[in-house]
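Trainee: Sharing my_file37.csv (CSV, C-alpha atoms and all ligand atoms) below.
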```
chain,number,residue,atom,x,y,z
A,1,MET,CA,101.1,-1.3,133.0
A,2,THR,CA,97.6,-0.7,134.5
A,3,ILE,CA,96.7,-2.3,137.8
A,4,HIS,CA,93.1,-3.1,138.0
A,5,GLN,CA,91.2,-3.1,141.3
A,6,PHE,CA,87.9,-4.9,142.0
A,7,ASN,CA,86.4,-5.4,145.4
A,8,TYR,CA,84.8,-8.8,145.3
A,9,PRO,CA,85.0,-10.8,147.5
A,10,THR,CA,87.8,-8.6,149.0
A,11,VAL,CA,90.0,-5.9,147.6
A,12,MET,CA,91.7,-7.5,144.6
A,13,LEU,CA,94.7,-5.8,142.9
A,14,TYR,CA,95.3,-7.4,139.5
A,15,GLY,CA,98.1,-7.0,136.9
A,16,PRO,CA,101.8,-7.3,136.3
A,17,GLY,CA,103.4,-5.1,138.9
A,18,ALA,CA,100.5,-5.3,141.4
A,19,VAL,CA,102.9,-6.1,144.2
A,20,ALA,CA,104.6,-2.6,143.8
A,21,GLU,CA,101.1,-1.0,143.7
A,22,PHE,CA,100.2,-2.9,146.9
A,23,ALA,CA,103.4,-1.8,148.6
A,24,ALA,CA,102.8,1.9,147.7
A,25,ARG,CA,99.2,1.8,149.0
A,26,LEU,CA,100.3,0.1,152.3
A,27,ALA,CA,103.1,2.6,152.8
A,28,GLY,CA,100.6,5.4,152.2
A,29,ASN,CA,98.6,4.0,155.2
A,30,LYS,CA,101.6,4.4,157.4
A,31,PRO,CA,101.2,1.1,159.4
A,32,ALA,CA,101.9,1.3,163.1
A,33,GLY,CA,104.7,-1.3,163.0
A,34,PRO,CA,106.6,-3.7,160.7
A,35,LEU,CA,104.8,-6.2,158.5
A,36,LEU,CA,105.5,-9.9,159.1
A,37,LEU,CA,106.0,-11.5,155.7
A,38,VAL,CA,105.0,-15.2,156.1
A,39,THR,CA,106.5,-17.5,153.4
A,40,ASP,CA,108.1,-20.9,153.1
A,41,PRO,CA,111.6,-22.2,152.5
A,42,GLY,CA,110.9,-23.0,148.8
A,43,LEU,CA,110.0,-19.4,148.1
A,44,VAL,CA,113.1,-18.2,149.9
A,45,ARG,CA,115.2,-20.5,147.6
A,46,SER,CA,113.5,-19.3,144.5
A,47,GLY,CA,114.2,-15.7,145.4
A,48,LEU,CA,110.5,-14.7,145.2
A,49,ALA,CA,110.2,-14.0,148.9
A,50,GLU,CA,113.1,-11.7,148.9
A,51,SER,CA,111.9,-10.0,145.8
A,52,VAL,CA,108.5,-9.2,147.4
A,53,ALA,CA,110.3,-8.1,150.6
A,54,ASP,CA,112.5,-5.8,148.6
A,55,THR,CA,109.5,-4.3,146.9
A,56,LEU,CA,107.8,-3.6,150.3
A,57,SER,CA,111.1,-2.2,151.7
A,58,ARG,CA,111.6,0.1,148.7
A,59,ALA,CA,108.2,1.6,149.3
A,60,GLY,CA,109.4,2.5,152.8
A,61,LEU,CA,107.8,-0.3,154.8
A,62,SER,CA,109.6,-2.2,157.5
A,63,VAL,CA,109.5,-5.9,157.0
A,64,ALA,CA,110.3,-9.0,159.1
A,65,ILE,CA,110.4,-12.4,157.4
A,66,TYR,CA,109.1,-15.6,158.9
A,67,THR,CA,109.7,-18.8,156.9
A,68,ASP,CA,109.0,-21.8,159.3
A,69,VAL,CA,106.1,-23.1,157.3
A,70,HIS,CA,105.6,-26.8,156.5
A,71,PRO,CA,103.9,-27.9,153.3
A,72,ASN,CA,101.1,-29.3,155.6
A,73,PRO,CA,101.4,-26.6,158.3
A,74,ILE,CA,101.6,-27.6,161.9
A,75,GLU,CA,100.8,-25.7,165.1
A,76,ALA,CA,104.5,-25.1,165.9
A,77,ASP,CA,104.7,-23.0,162.6
A,78,VAL,CA,101.9,-20.8,164.0
A,79,VAL,CA,103.2,-20.6,167.5
A,80,GLY,CA,106.7,-19.5,166.2
A,81,GLY,CA,105.1,-17.0,163.9
A,82,ALA,CA,102.9,-15.6,166.6
A,83,ALA,CA,105.9,-15.1,168.9
A,84,ARG,CA,107.8,-13.4,166.1
A,85,PHE,CA,104.8,-11.2,165.4
A,86,ARG,CA,104.6,-10.0,169.0
A,87,GLU,CA,108.4,-9.6,169.4
A,88,SER,CA,108.7,-7.5,166.3
A,89,GLY,CA,105.7,-5.3,167.2
A,90,ALA,CA,104.2,-6.1,163.8
A,91,ALA,CA,101.1,-4.4,162.6
A,92,GLY,CA,100.0,-6.9,160.0
A,93,LEU,CA,100.8,-10.1,158.1
A,94,VAL,CA,101.7,-10.5,154.4
A,95,ALA,CA,101.4,-14.1,153.2
A,96,VAL,CA,103.5,-14.9,150.2
A,97,GLY,CA,103.1,-18.3,148.6
A,98,GLY,CA,100.6,-21.1,148.0
A,99,GLY,CA,98.0,-22.3,150.4
A,100,SER,CA,100.4,-23.1,153.3
A,101,PRO,CA,101.9,-19.7,154.0
A,102,MET,CA,98.4,-18.2,153.7
A,103,ASP,CA,96.9,-20.7,156.2
A,104,VAL,CA,99.8,-20.1,158.6
A,105,ALA,CA,99.5,-16.3,158.3
A,106,LYS,CA,95.8,-16.4,159.1
A,107,ALA,CA,96.4,-18.7,162.1
A,108,ILE,CA,99.2,-16.4,163.3
A,109,ALA,CA,96.7,-13.5,163.3
A,110,VAL,CA,94.6,-15.6,165.8
A,111,LEU,CA,97.4,-16.8,168.1
A,112,ALA,CA,99.1,-13.4,168.2
A,113,THR,CA,96.0,-12.0,169.8
A,114,HIS,CA,94.5,-15.0,171.6
A,115,GLU,CA,95.6,-17.6,174.0
A,116,GLY,CA,96.2,-21.1,172.4
A,117,PRO,CA,96.1,-23.9,171.9
A,118,LEU,CA,94.9,-23.7,168.3
A,119,SER,CA,92.5,-26.6,168.8
A,120,ARG,CA,90.4,-24.2,170.9
A,121,PHE,CA,89.4,-22.4,167.7
A,122,ASP,CA,88.4,-25.6,165.8
A,123,ASP,CA,85.7,-24.4,163.4
A,124,GLY,CA,84.1,-27.9,163.5
A,125,LYS,CA,83.4,-27.3,167.2
A,126,GLY,CA,82.2,-23.7,166.9
A,127,GLY,CA,85.6,-22.5,168.0
A,128,ASP,CA,85.2,-19.2,166.1
A,129,ARG,CA,83.3,-17.9,169.2
A,130,PHE,CA,86.5,-17.7,171.1
A,131,ILE,CA,88.0,-15.3,168.5
A,132,ASP,CA,86.8,-12.2,170.3
A,133,GLN,CA,89.7,-9.8,170.0
A,134,PRO,CA,90.4,-7.7,167.0
A,135,LEU,CA,92.6,-9.5,164.5
A,136,PRO,CA,95.6,-7.9,162.8
A,137,PRO,CA,95.1,-7.5,159.0
A,138,VAL,CA,96.3,-10.3,156.7
A,139,TYR,CA,97.3,-9.5,153.1
A,140,ALA,CA,97.8,-12.3,150.6
A,141,ILE,CA,100.1,-12.5,147.6
A,142,PRO,CA,99.6,-15.9,145.9
A,143,THR,CA,102.5,-17.4,144.0
A,144,THR,CA,100.5,-20.3,142.6
A,145,ALA,CA,97.1,-20.3,140.8
A,146,GLY,CA,95.1,-23.0,142.5
A,147,THR,CA,94.0,-22.9,146.1
A,148,GLY,CA,92.4,-19.5,146.1
A,149,SER,CA,93.2,-19.1,149.8
A,150,GLU,CA,93.7,-15.4,149.1
A,151,VAL,CA,89.9,-15.0,149.1
A,152,GLY,CA,89.2,-17.6,151.9
A,153,ARG,CA,88.3,-16.9,155.5
A,154,SER,CA,89.9,-20.0,157.0
A,155,GLY,CA,93.2,-21.7,157.4
A,156,VAL,CA,93.9,-25.4,157.9
A,157,ILE,CA,96.6,-26.4,160.5
A,158,ILE,CA,97.5,-29.7,162.1
A,159,CYS,CA,96.9,-29.1,165.8
A,160,ALA,CA,99.7,-30.2,168.2
A,161,ASP,CA,97.4,-31.8,170.8
A,162,THR,CA,94.9,-33.6,168.5
A,163,ARG,CA,97.3,-34.2,165.5
A,164,VAL,CA,94.3,-33.5,163.3
A,165,LYS,CA,94.1,-31.1,160.4
A,166,THR,CA,91.8,-28.4,161.8
A,167,VAL,CA,90.0,-25.6,160.1
A,168,ILE,CA,90.3,-22.2,161.8
A,169,PHE,CA,87.6,-19.9,160.5
A,170,HIS,CA,86.6,-16.3,161.1
A,171,PRO,CA,85.2,-13.7,158.7
A,172,ASP,CA,88.0,-11.3,159.7
A,173,LEU,CA,90.6,-13.8,158.4
A,174,LEU,CA,89.6,-12.9,154.9
A,175,PRO,CA,92.7,-11.1,153.5
A,176,ARG,CA,92.2,-7.3,153.4
A,177,ILE,CA,93.9,-7.2,150.0
A,178,ALA,CA,94.6,-10.0,147.6
A,179,VAL,CA,97.4,-9.2,145.2
A,180,LEU,CA,97.2,-11.1,141.9
A,181,ASP,CA,100.5,-10.3,140.2
A,182,PRO,CA,101.2,-12.7,137.2
A,183,GLU,CA,104.9,-11.8,137.3
A,184,LEU,CA,105.1,-14.0,140.4
A,185,THR,CA,103.8,-17.1,138.7
A,186,VAL,CA,105.7,-17.0,135.3
A,187,ARG,CA,108.5,-19.2,136.7
A,188,LEU,CA,106.3,-21.9,138.0
A,189,PRO,CA,107.2,-25.3,136.4
A,190,ALA,CA,104.7,-26.7,134.0
A,191,ASN,CA,103.7,-29.6,136.2
A,192,ILE,CA,102.9,-27.4,139.2
A,193,THR,CA,101.1,-24.9,136.9
A,194,ALA,CA,98.9,-27.8,135.5
A,195,GLN,CA,98.3,-29.4,138.9
A,196,THR,CA,97.4,-26.2,140.7
A,197,GLY,CA,95.3,-25.1,137.7
A,198,MET,CA,93.3,-28.3,137.7
A,199,ASP,CA,92.7,-27.8,141.5
A,200,ALA,CA,91.1,-24.4,140.6
A,201,PHE,CA,89.0,-26.2,137.9
A,202,THR,CA,87.9,-28.8,140.3
A,203,HIS,CA,86.8,-26.1,142.8
A,204,CYS,CA,84.6,-24.6,140.1
A,205,LEU,CA,83.3,-27.9,138.9
A,206,GLU,CA,82.3,-29.2,142.3
A,207,ALA,CA,80.9,-25.9,143.4
A,208,TYR,CA,78.7,-25.7,140.3
A,209,LEU,CA,77.5,-29.3,140.8
A,210,ALA,CA,77.1,-29.0,144.6
A,211,ARG,CA,73.6,-29.3,146.0
A,212,GLY,CA,72.0,-26.1,147.3
A,213,PHE,CA,70.7,-22.9,145.8
A,214,HIS,CA,73.5,-20.4,145.1
A,215,PRO,CA,73.1,-18.8,141.6
A,216,MET,CA,76.0,-16.4,142.3
A,217,ALA,CA,78.5,-19.2,143.1
A,218,ASP,CA,77.2,-21.0,140.0
A,219,ALA,CA,77.9,-18.1,137.7
A,220,ILE,CA,81.4,-17.6,139.2
A,221,ALA,CA,82.1,-21.3,138.9
A,222,LEU,CA,81.1,-21.4,135.2
A,223,GLY,CA,83.2,-18.4,134.5
A,224,GLY,CA,86.2,-19.9,136.3
A,225,MET,CA,86.0,-23.1,134.3
A,226,GLU,CA,85.8,-21.2,131.0
A,227,ILE,CA,89.0,-19.3,132.0
A,228,VAL,CA,90.9,-22.5,133.0
A,229,ALA,CA,89.9,-24.3,129.8
A,230,GLU,CA,91.2,-21.4,127.7
A,231,TYR,CA,94.2,-20.1,129.6
A,232,LEU,CA,95.7,-23.2,131.5
A,233,PRO,CA,96.9,-24.8,128.2
A,234,ARG,CA,98.3,-21.4,127.2
A,235,ALA,CA,100.2,-21.0,130.5
A,236,ILE,CA,101.7,-24.5,129.9
A,237,GLU,CA,102.7,-23.7,126.3
A,238,GLN,CA,104.0,-20.2,127.0
A,239,PRO,CA,105.1,-20.0,130.6
A,240,ASP,CA,105.9,-16.3,130.4
A,241,ASP,CA,102.5,-15.4,128.9
A,242,LEU,CA,101.5,-12.8,131.5
A,243,ASP,CA,97.9,-12.7,130.3
A,244,ALA,CA,97.4,-16.4,130.7
A,245,ARG,CA,99.2,-16.4,134.1
A,246,GLY,CA,97.0,-13.5,135.3
A,247,GLN,CA,93.8,-15.2,134.1
A,248,MET,CA,94.8,-18.4,136.0
A,249,LEU,CA,95.3,-16.3,139.2
A,250,VAL,CA,91.8,-14.9,138.6
A,251,ALA,CA,90.3,-18.4,138.0
A,252,ALA,CA,91.9,-19.7,141.3
A,253,SER,CA,90.3,-16.8,143.2
A,254,MET,CA,87.0,-17.5,141.4
A,255,GLY,CA,87.1,-21.2,142.4
A,256,ALA,CA,87.6,-20.4,146.1
A,257,THR,CA,84.9,-17.8,145.9
A,258,ALA,CA,82.5,-20.3,144.3
A,259,PHE,CA,83.1,-23.1,146.7
A,260,GLN,CA,81.5,-21.2,149.6
A,261,LYS,CA,78.5,-23.1,148.1
A,262,GLY,CA,80.3,-26.4,148.8
A,263,LEU,CA,82.5,-29.0,147.2
A,264,GLY,CA,81.9,-32.7,146.5
A,265,VAL,CA,83.0,-36.3,146.4
A,266,ILE,CA,86.1,-35.7,144.3
A,267,HIS,CA,87.7,-33.5,147.0
A,268,SER,CA,86.7,-36.1,149.7
A,269,MET,CA,88.5,-38.8,147.6
A,270,ALA,CA,91.5,-36.6,146.9
A,271,HIS,CA,92.3,-35.8,150.5
A,272,PRO,CA,93.3,-39.4,151.6
A,273,LEU,CA,95.3,-39.9,148.3
A,274,SER,CA,97.4,-36.9,149.4
A,275,THR,CA,97.9,-38.0,153.0
A,276,ARG,CA,98.5,-41.7,152.0
A,277,TYR,CA,100.7,-41.4,149.0
A,278,GLY,CA,101.8,-37.8,149.0
A,279,ILE,CA,100.1,-37.1,145.7
A,280,HIS,CA,99.8,-33.4,144.9
A,281,HIS,CA,96.2,-32.2,145.8
A,282,GLY,CA,95.5,-30.7,142.4
A,283,LEU,CA,96.9,-33.8,140.6
A,284,ALA,CA,94.7,-36.1,142.8
A,285,ASN,CA,91.6,-34.0,141.8
A,286,ALA,CA,92.6,-34.0,138.1
A,287,LEU,CA,93.0,-37.8,138.0
A,288,LEU,CA,89.8,-38.4,140.0
A,289,MET,CA,87.5,-36.2,138.0
A,290,PRO,CA,87.1,-38.3,134.8
A,291,PRO,CA,86.5,-41.8,136.4
A,292,VAL,CA,84.4,-40.5,139.3
A,293,LEU,CA,82.2,-38.4,137.1
A,294,ARG,CA,81.9,-41.4,134.8
A,295,TRP,CA,81.0,-43.7,137.7
A,296,GLN,CA,78.3,-41.4,138.9
A,297,LEU,CA,76.8,-41.1,135.3
A,298,ASP,CA,76.9,-44.9,134.9
A,299,GLU,CA,76.0,-46.2,138.4
A,300,LYS,CA,74.0,-43.4,139.9
A,301,ARG,CA,72.0,-42.4,136.9
A,302,ASP,CA,68.7,-43.0,138.7
A,303,GLN,CA,69.6,-40.2,141.1
A,304,PHE,CA,70.4,-37.6,138.5
A,305,THR,CA,67.8,-34.8,138.4
A,306,ASP,CA,67.2,-33.1,135.1
A,307,ASP,CA,68.9,-30.0,136.5
A,308,LEU,CA,72.0,-32.1,137.4
A,309,LEU,CA,72.2,-33.6,133.9
A,310,ARG,CA,71.9,-30.1,132.5
A,311,ARG,CA,74.8,-28.9,134.7
A,312,TYR,CA,77.0,-31.8,133.5
A,313,GLN,CA,76.1,-30.8,129.9
A,314,ARG,CA,76.8,-27.1,130.5
A,315,ILE,CA,80.3,-27.9,131.7
A,316,ALA,CA,80.9,-30.3,128.8
A,317,GLN,CA,79.8,-27.5,126.4
A,318,LEU,CA,82.2,-25.1,128.1
A,319,ILE,CA,85.1,-27.4,127.2
A,320,GLY,CA,84.1,-28.2,123.7
A,321,ARG,CA,81.7,-31.2,123.9
A,322,SER,CA,77.9,-31.3,123.6
A,323,SER,CA,76.4,-33.9,126.0
A,324,ALA,CA,76.5,-34.7,129.7
A,325,ASP,CA,77.9,-38.1,129.0
A,326,GLU,CA,80.9,-36.6,127.2
A,327,LEU,CA,82.0,-34.6,130.3
A,328,PRO,CA,84.4,-37.2,131.7
A,329,ARG,CA,86.1,-37.6,128.3
A,330,ALA,CA,86.3,-33.8,127.9
A,331,ILE,CA,88.0,-33.4,131.3
A,332,ALA,CA,90.4,-36.3,130.4
A,333,ASP,CA,91.3,-34.4,127.2
A,334,LEU,CA,91.9,-31.2,129.1
A,335,CYS,CA,94.2,-33.1,131.5
A,336,ALA,CA,96.1,-34.5,128.5
A,337,GLU,CA,96.3,-31.0,127.0
A,338,VAL,CA,98.1,-29.7,130.1
A,339,ARG,CA,100.3,-32.8,130.0
A,340,ILE,CA,98.9,-34.6,133.0
A,341,SER,CA,99.4,-38.2,131.8
A,342,VAL,CA,100.2,-40.2,134.9
A,343,THR,CA,97.7,-42.6,136.6
A,344,LEU,CA,96.8,-43.1,140.2
A,345,PRO,CA,98.2,-46.7,140.3
A,346,LYS,CA,101.5,-45.4,138.9
A,347,LEU,CA,101.5,-42.9,141.8
A,348,GLY,CA,101.3,-45.8,144.3
A,349,MET,CA,97.5,-46.4,144.7
A,350,GLN,CA,96.8,-50.0,145.4
A,351,VAL,CA,93.7,-52.1,145.2
A,352,GLU,CA,94.1,-53.4,148.8
A,353,ASP,CA,94.1,-49.9,150.1
A,354,ILE,CA,90.7,-49.1,148.7
A,355,PRO,CA,88.6,-50.0,151.9
A,356,SER,CA,90.7,-47.8,154.1
A,357,LEU,CA,90.8,-45.0,151.6
A,358,ALA,CA,87.0,-45.2,151.3
A,359,GLU,CA,86.7,-45.0,155.1
A,360,GLU,CA,88.8,-41.8,155.2
A,361,ALA,CA,87.0,-40.3,152.3
A,362,HIS,CA,83.7,-41.0,153.9
A,363,ALA,CA,84.8,-39.2,157.1
A,364,ASP,CA,85.7,-36.1,155.0
A,365,ILE,CA,82.9,-33.5,155.0
A,366,CYS,CA,83.3,-32.3,151.4
A,367,HIS,CA,81.0,-35.0,149.9
A,368,HIS,CA,78.1,-33.8,152.1
A,369,SER,CA,77.4,-31.2,149.4
A,370,ASN,CA,77.9,-33.7,146.5
A,371,PRO,CA,74.7,-33.6,144.4
A,372,ILE,CA,74.3,-37.4,144.8
A,373,ALA,CA,74.4,-38.9,148.3
A,374,ILE,CA,77.6,-41.0,148.8
A,375,SER,CA,77.9,-44.0,151.1
A,376,ARG,CA,81.1,-45.7,152.2
A,377,ASP,CA,80.4,-48.6,149.8
A,378,ASP,CA,79.9,-46.1,146.9
A,379,LEU,CA,83.4,-44.7,147.7
A,380,GLU,CA,84.9,-48.2,147.4
A,381,ARG,CA,83.3,-48.6,144.0
A,382,ALA,CA,84.3,-45.1,142.9
A,383,TYR,CA,88.0,-45.7,143.9
A,384,ALA,CA,87.9,-49.1,142.1
A,385,HIS,CA,86.9,-47.1,138.9
A,386,CYS,CA,90.2,-45.2,139.2
A,387,MET,CA,92.4,-48.3,139.0
A,401,FE,FE,91.1,-28.2,146.2
```
Show this structure as structure tokens.

Mentor:
Amino acid sequence: MTIHQFNYPTVMLYGPGAVAEFAARLAGNKPAGPLLLVTDPGLVRSGLAESVADTLSRAGLSVAIYTDVHPNPIEADVVGGAARFRESGAAGLVAVGGGSPMDVAKAIAVLATHEGPLSRFDDGKGGDRFIDQPLPPVYAIPTTAGTGSEVGRSGVIICADTRVKTVIFHPDLLPRIAVLDPELTVRLPANITAQTGMDAFTHCLEAYLARGFHPMADAIALGGMEIVAEYLPRAIEQPDDLDARGQMLVAASMGATAFQKGLGVIHSMAHPLSTRYGIHHGLANALLMPPVLRWQLDEKRDQFTDDLLRRYQRIAQLIGRSSADELPRAIADLCAEVRISVTLPKLGMQVEDIPSLAEEAHADICHHSNPIAISRDDLERAYAHCM
């Protein structure tokens, strides 16, 4: 099987068996120490972590494994990993998993080489200026097709002192190599495939609609949505379709590449739903998109520019409809096609929670790049549309 390489936005190795190709290349570079493989307990249970570790070992690489990674990573995960990194004399980090192990691996790169606490490096406070030592290389092997963290330059960790989810950012946190190997995602259950896939779709949609001039991100976002619309239903119907699985990994990387332009109100509204009710991030996005886009079309029509309406229409056309007004319906149909049929109230969302959800969503920065300005009251009305 041919492994394809392309170098945007980082070195990407694509194809079934890409992990073995990655291992061979890394071994050829003769790293100065072992590699710390950062993963989570779920991936250990599934056998995927061991399978990747075996592939690295067979190529002649020395591997240490670190698995103390929470689904919403906390600073202790990073502190433990940094200690392990130093003790083992590691020369680099290999993140295997979804967003959490990738976030933790990136933060370990920082705390292995810099004095903590992690809150010192809070990107919101310009903390990247304290990252002044060379960082060990991070390599990323995603096992879901959604977050796209493998092409991201930041990690999100809950800091111990502030208890706040904090973005740690530095250009050198961009993984040196992202390995997109569809053999790692064929065993993902249908619901996780659908939810993570719709997260990738939402990244593309919100990036394409985000305010600002970024024609490159726009083009990538459109391409990503086209891929999700074609291949996500296929990955659900035929879980072992390597082509569909591979295309979804590409779409996830495209989504995260595109959202350098910005995201929007849907992500701001999704975040409190996950913290409050434990709703999967991608599922929250999927369920919010149709009503929140509908609400904007109906109640914010006067603020739509011709360009924004054209953009709605362009996305609708990508998924088989013709007009901007049909976009919410088209996305609802896509959700149904990938068997997302639950509703937010069924997942625990309650009318009386709306004011506080709106408060939290308003404090979230994602909506700052929404094409239409969003107030706290707007968010209450948008949430009410989801009931
Ligand atoms: Fe997302």

Trainee: Could you list, as a PyMOL selection string, all residues that come within 8 Å of ligand FE 401 (chain A)? Count only C-alpha atoms and all ligand atoms.

Mentor: chain A and resi 146-147+199-200+202-203+267+281-282+285

Trainee: Once you have the residues from the selection above, write them out as a short mmCIF file (atom, residue, chain, number, x, y, z; two decimals), in the coordinates of the input, restricted to C-alpha atoms.

Mentor:
```cif
data_model
loop_
_atom_site.label_atom_id
_atom_site.label_comp_id
_atom_site.auth_asym_id
_atom_site.auth_seq_id
_atom_site.Cartn_x
_atom_site.Cartn_y
_atom_site.Cartn_z
CA GLY A 146 95.10 -23.00 142.50
CA THR A 147 94.00 -22.90 146.10
CA ASP A 199 92.70 -27.80 141.50
CA ALA A 200 91.10 -24.40 140.60
CA THR A 202 87.90 -28.80 140.30
CA HIS A 203 86.80 -26.10 142.80
CA HIS A 267 87.70 -33.50 147.00
CA HIS A 281 96.20 -32.20 145.80
CA GLY A 282 95.50 -30.70 142.40
CA ASN A 285 91.60 -34.00 141.80
#
```

Trainee: Given the choices A:Ile331, A:Asp298, A:Arg211, A:Ala178, which gets closest to Met225 in chain A if the distance is worked out from all atoms listed in the file?

Mentor: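 Smallest separation from Met225 in chain A among the options: A:Ile331.
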
Trainee: A:Val110, A:Asp128, A:His70, A:Ser62: which is nearest Ala82 in chain A, counting all atoms listed in the file?

Mentor: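 The shortest atom-to-atom distance to Ala82 in chain A comes from A:Val110.
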
Trainee: Would you please work out which residue, of A:Ala95, A:Ala20, A:Ala382, A:Ala332, is nearest to Ile266 in chain A when using all atoms listed in the file?

Mentor: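 Of the candidates, the smallest distance to Ile266 in chain A is held by A:Ala382.
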
Trainee: Quick check, in Å to one decimal: how far apart do CA of Tyr66 in chain A and CA of Gln5 in chain A lie?

Mentor: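 CA of Gln5 in chain A lies 28.0 Å from CA of Tyr66 in chain A.
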
Trainee: Compile the contact shell of Cys335 in chain A as an MDAnalysis selection string: residues with an atom at most 9 Å away, counting all atoms listed in the file, same-chain residues fewer than 5 positions apart removed.

Mentor: chainID A and resid 194 198 286:287 330 340:341

Trainee: Could you check how far CA of Lys165 in chain A sits from CA of Leu93 in chain A, in Å to one decimal?

Mentor: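 Calculated distance between CA of Lys165 in chain A and CA of Leu93 in chain A is 22.2 Å.
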
Trainee: Rounded to one decimal in Å, what is the spacing between CA of Leu118 in chain A and CA of Pro175 in chain A?

Mentor: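 Computing it gives 19.6 Å between the two atoms.
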
Trainee: Neighbours of Val265 in chain A within 10 Å (only C-alpha atoms; same-chain residues fewer than 5 positions away dropped), as a list in words?

Mentor: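 With the cut-off at 10 Å, the set is Glu206, Ala210, Ala270, Leu288, Met289, Val292, Leu293, Ala361, His362, Asp364, Ile365, Cys366, His367, His368, Ser369, Asn370, Pro371, Ile372, Ala373, Ile374, Leu379 and Ala382 of chain A.
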
Trainee: Under the rule that all atoms listed in the file are counted, which of A:Ala83, A:Leu327, A:Leu242, A:Val156 is the nearest residue to Gly99 in chain A?

Mentor: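 With all atoms listed in the file as the atom set, the closest residue is A:Val156.
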
Trainee: Give as a VMD selection string the set of residues within 7 Å of the point (103.5, -11.5, 134.1), where distances use the file's coordinates and only C-alpha atoms.

Mentor: chain A and resid 16 181 to 184 186 240 to 243 245 to 246
